[in-house]
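Please read the structure below before turning to the comments.
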Amino acid sequence: MQATLAAQTRNPMTLLILAYAAFVALGLPAGLLGVAWPTLRSEFGLPLDAIGLMFISNTAGYLISATFIARLIGRFGIGPLLVFSCLASAVSLMGTPLAPAWLLIILLSALGGFGSGVMDAGLNTYLAAEYNEGQMQWLHASFGVGATLSPIIVTISLSQTASWRAGYLFVGAVMILMAVAFAFTQSAWKRPKTKPADPAHGEAAEHGLMDYRTPLRETLLRPATWIGITMFVLYCGAEFTLGSWTYTLFTEGRGISPELAGLWAGGFWGTFTLGRIMAGLFAHRLSLNTLMLGAMAVGLVGAALFWWNPHPWVSVAGVFITGFAIAPIFASLISSTSQRVGARHAANTIGIQVASAVLGGAVVPAFTGYLAQRISLEIVPVMLFIALAALLALYAWSMTRRTSVVDVA
């Protein structure tokens, strides 16, 4: 009877929509700190580069959960993990504005990272196993929707309440609603083993990407895994450097009003989301290599305009162009993981890549803050340009040896 009920409630489109909603919620915290940071650090009497501690603590939690996501799914199941991830994120978000001390905020950031890592890696693994690349692009476009709203939420909070706290509480409440939705649909996330055989890698027909129990050590010995790790570090380092520091650079470095800077920071995530929506609609018409090279090259042009800054509108155009251009990269790399490393290692590799992505998204912006404190906030577009240039060079090099990489792996 329970099996019949689960089968009836398991509607692929319903689960896909819920996954999209979850990624909107996952994107909401992305731009909170960037806009809240000037006020938050003033309240606690912190230096400019203290934001690095939040990046590091958040990353530590993210790394643990994302790296071991295949094992966690095998042990607990994807449904219960999604409920837990939302609750952990809610506690982090709602606890931060109530925290009396900076140290507690750091600890809550680690908890939030752990919860976000479970949701991010878990849903990426699930969609890679169950859906196609276009739907994966739409999943990450949903993240962009949340990230677009994120700085606007804090900007409204600051303008209406003169505090960043209401914005955090609001996003925490959204996470609680997502936890309730996942709690009511836990059984629907159980899926049959319907994946076809993969003769190229010797995979049995009865196994799907989430069915393997491949030792993590084996996956880490594959050269293709480390190429993926490096590309994700560079990509997310660029994305979150731009997302985290644009508002502060505009307000404290280039004299833009907080209200206008908040809209411009949100505009980055808006063009970023538009780029992922367009990729979801048209990615099937382009080869993956063409899409990736074009995205990286145009993103590099946008970063150069942001760095050049002959006029504020040129700088803003650079931010928007960069956001639009780099949008498809993450989802394309995730959805093609099994092609690079084989189905047997795909779940492990996706988790490792998500972990390395958040590592890059923390370390590179933190290092950028360190340099900004000692040099100038104008180091922000420089670091963005360097990260994207290195990503383009690595990807172009990896494509010249793609066959040997797959064979060795």
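Ligands are numbered from 1 in the order shown, chains are lettered A, B, ... in the order of the structure tokens, and residues start at 1 in each chain.
Residues in contact range of region 345-355 of chain A, defined as at most 7 Å between only C-alpha atoms, with sequence neighbours fewer than 2 positions away removed, read Tyr62, Leu63, Ala66, Thr67, Phe68, Ile69, Ala70, Ala121, Thr125, Leu209, Met210, Thr214, Leu216, Thr219, Thr225, Gly228, Ile229, Phe232, Ile334, Thr337, Ser338, Val341, Gly342, Ala343, Ala357, Val358 and Leu359 of chain A.
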Counting only C-alpha atoms, which residues in region 248-314 of chain A sit no more than 9 Å from region 136-144 of chain A? For each one, give the nearest pair of atoms and the distance in Å, sorted by chain then residue number, as JSON lines.
{"residue": "A:Trp269", "atom": "CA", "partner": "A:Gly144", "partner_atom": "CA", "distance": 5.9}
{"residue": "A:Gly270", "atom": "CA", "partner": "A:Gly144", "partner_atom": "CA", "distance": 6.9}
{"residue": "A:Thr271", "atom": "CA", "partner": "A:Gly144", "partner_atom": "CA", "distance": 8.7}
{"residue": "A:Phe272", "atom": "CA", "partner": "A:Gly144", "partner_atom": "CA", "distance": 6.3}
{"residue": "A:Thr273", "atom": "CA", "partner": "A:Gly144", "partner_atom": "CA", "distance": 4.4}
{"residue": "A:Leu274", "atom": "CA", "partner": "A:Ala141", "partner_atom": "CA", "distance": 7.4}
{"residue": "A:Gly275", "atom": "CA", "partner": "A:Ala141", "partner_atom": "CA", "distance": 7.8}
{"residue": "A:Arg276", "atom": "CA", "partner": "A:Ala141", "partner_atom": "CA", "distance": 4.7}
{"residue": "A:Ile277", "atom": "CA", "partner": "A:Ala141", "partner_atom": "CA", "distance": 5.6}
{"residue": "A:Met278", "atom": "CA", "partner": "A:Gln137", "partner_atom": "CA", "distance": 8.8}
{"residue": "A:Ala279", "atom": "CA", "partner": "A:Gln137", "partner_atom": "CA", "distance": 6.4}
{"residue": "A:Gly280", "atom": "CA", "partner": "A:Gln137", "partner_atom": "CA", "distance": 4.9}
{"residue": "A:Leu281", "atom": "CA", "partner": "A:Trp138", "partner_atom": "CA", "distance": 8.6}
{"residue": "A:Ala283", "atom": "CA", "partner": "A:Gln137", "partner_atom": "CA", "distance": 8.5}
Using the selection just defined, write its residues with N, CA and C atoms as a tab-separated table (two decimals), in the first residue's frame.
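Final file, part_11.tsv:
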chain	number	residue	atom	x	y	z
A	269	TRP	N	22.88	39.60	-10.61
A	269	TRP	CA	22.22	38.30	-10.47
A	269	TRP	C	21.05	38.18	-11.44
A	270	GLY	N	20.45	39.32	-11.81
A	270	GLY	CA	19.37	39.28	-12.77
A	270	GLY	C	19.85	38.85	-14.15
A	271	THR	N	20.93	39.45	-14.63
A	271	THR	CA	21.47	39.05	-15.94
A	271	THR	C	22.03	37.63	-15.87
A	272	PHE	N	22.56	37.27	-14.73
A	272	PHE	CA	23.04	35.91	-14.49
A	272	PHE	C	21.89	34.91	-14.65
A	273	THR	N	20.76	35.23	-14.05
A	273	THR	CA	19.58	34.36	-14.17
A	273	THR	C	19.08	34.31	-15.60
A	274	LEU	N	19.04	35.45	-16.27
A	274	LEU	CA	18.62	35.49	-17.67
A	274	LEU	C	19.52	34.61	-18.52
A	275	GLY	N	20.82	34.64	-18.24
A	275	GLY	CA	21.76	33.80	-18.98
A	275	GLY	C	21.45	32.32	-18.81
A	276	ARG	N	21.07	31.91	-17.61
A	276	ARG	CA	20.76	30.50	-17.38
A	276	ARG	C	19.41	30.11	-18.00
A	277	ILE	N	18.48	31.04	-18.01
A	277	ILE	CA	17.20	30.77	-18.67
A	277	ILE	C	17.42	30.57	-20.17
A	278	MET	N	18.22	31.45	-20.76
A	278	MET	CA	18.51	31.34	-22.19
A	278	MET	C	19.26	30.04	-22.49
A	279	ALA	N	20.17	29.67	-21.60
A	279	ALA	CA	20.90	28.42	-21.79
A	279	ALA	C	19.96	27.22	-21.75
A	280	GLY	N	18.98	27.26	-20.83
A	280	GLY	CA	18.02	26.18	-20.75
A	280	GLY	C	17.19	26.04	-22.02
A	281	LEU	N	16.95	27.18	-22.68
A	281	LEU	CA	16.14	27.16	-23.90
A	281	LEU	C	16.93	26.77	-25.15
A	283	ALA	N	20.57	25.67	-25.18
A	283	ALA	CA	21.82	24.91	-25.04
A	283	ALA	C	21.86	23.71	-25.97
Computed gap from CA of Ala387 (chain A) to CA of Leu46 (chain A) is 27.4 Å
DSSP helix (DSSP H, G or I) selection over region 194-363 of chain A, as JSON, numbers by chain: {"A": [199, 200, 201, 216, 217, 218, 219, 220, 223, 224, 225, 226, 227, 228, 229, 230, 231, 232, 233, 234, 235, 236, 237, 238, 239, 240, 241, 242, 243, 244, 245, 246, 247, 248, 249, 250, 251, 252, 253, 258, 259, 260, 261, 262, 263, 264, 265, 266, 267, 268, 269, 270, 271, 272, 273, 274, 275, 276, 277, 278, 279, 280, 281, 282, 283, 284, 285, 288, 289, 290, 291, 292, 293, 294, 295, 296, 297, 298, 299, 300, 301, 302, 303, 304, 305, 306, 307, 308, 312, 313, 314, 315, 316, 317, 318, 319, 320, 321, 322, 323, 324, 325, 326, 329, 330, 331, 332, 333, 334, 335, 337, 338, 339, 340, 341, 343, 344, 345, 346, 347, 348, 349, 350, 351, 352, 353, 354, 355, 356, 357, 358, 359, 360, 361, 362, 363]}
Give me, as a tab-separated table, the closest atom pair and its distance (Å, one decimal) for every residue of region 5-72 of chain A within a cut-off of 8 Å of region 86-109 of chain A, counting only C-alpha atoms, rows sorted by chain and rising number.
residue	atom	partner	partner_atom	distance
A:Phe44	CA	A:Trp102	CA	7.0
A:Leu53	CA	A:Ile106	CA	6.9
A:Met54	CA	A:Ile106	CA	5.6
A:Ser57	CA	A:Ser109	CA	6.0
A:Asn58	CA	A:Ser109	CA	4.9
CA of Ala60 (chain A) and CA of Ala325 (chain A), how far apart in Å?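 Taking CA of Ala325 (chain A) and CA of Ala60 (chain A), their separation equals 28.8 Å.
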With the cut-off set at 7 Å and counting only C-alpha atoms, tabulate each residue of region 236-272 of chain A with an atom at most that distance from an atom of region 23-34 of chain A, showing the nearest atom pair and its distance in Å to one decimal, ordered by chain and increasing number, as a tab-separated table.
residue	atom	partner	partner_atom	distance
A:Gly243	CA	A:Gly31	CA	6.5
A:Ser244	CA	A:Gly34	CA	4.5
A:Trp245	CA	A:Gly34	CA	6.2
A:Tyr247	CA	A:Gly34	CA	6.6
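Close contacts of Asn289 (chain A), defined as residues with an atom at most 10 Å away when counting only C-alpha atoms, with chain neighbours fewer than 5 positions off set aside, comprise Gly294, Ala295, Ser332, Tyr395, Ala396 and Met399 of chain A.
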_What's the separation between CA of Gln135 (chain A) and CA of Val301 (chain A), in Å to one decimal place?_
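Atom-to-atom, CA of Gln135 (chain A) and CA of Val301 (chain A) are spaced 27.9 Å apart.
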Q: Can you pull out every residue within 7 Å of region 317-323 of chain A, counting only C-alpha atoms, but drop anything in the same chain fewer than 6 positions away, and send it as a list in words?
A: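 These residues fall inside the cut-off: Gly267, Phe268, Trp269, Thr271, Phe272, Gly299, Gly302, Ala303, Leu305 and Phe306 of chain A.
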Smallest atom-to-atom distance to Leu377 (chain A): which of A:Glu239, A:Glu259, A:Asp49, A:Glu43, using only C-alpha atoms?
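Counting only C-alpha atoms, the residue closest to Leu377 (chain A) is A:Asp49.
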### Message
Which residue is closest to Pro215 (chain A)? Choose from A:Ser150, A:Ile78, A:Phe385, A:Arg344 and count only C-alpha atoms.
### Response
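Selected residue with least distance to Pro215 (chain A): A:Arg344.
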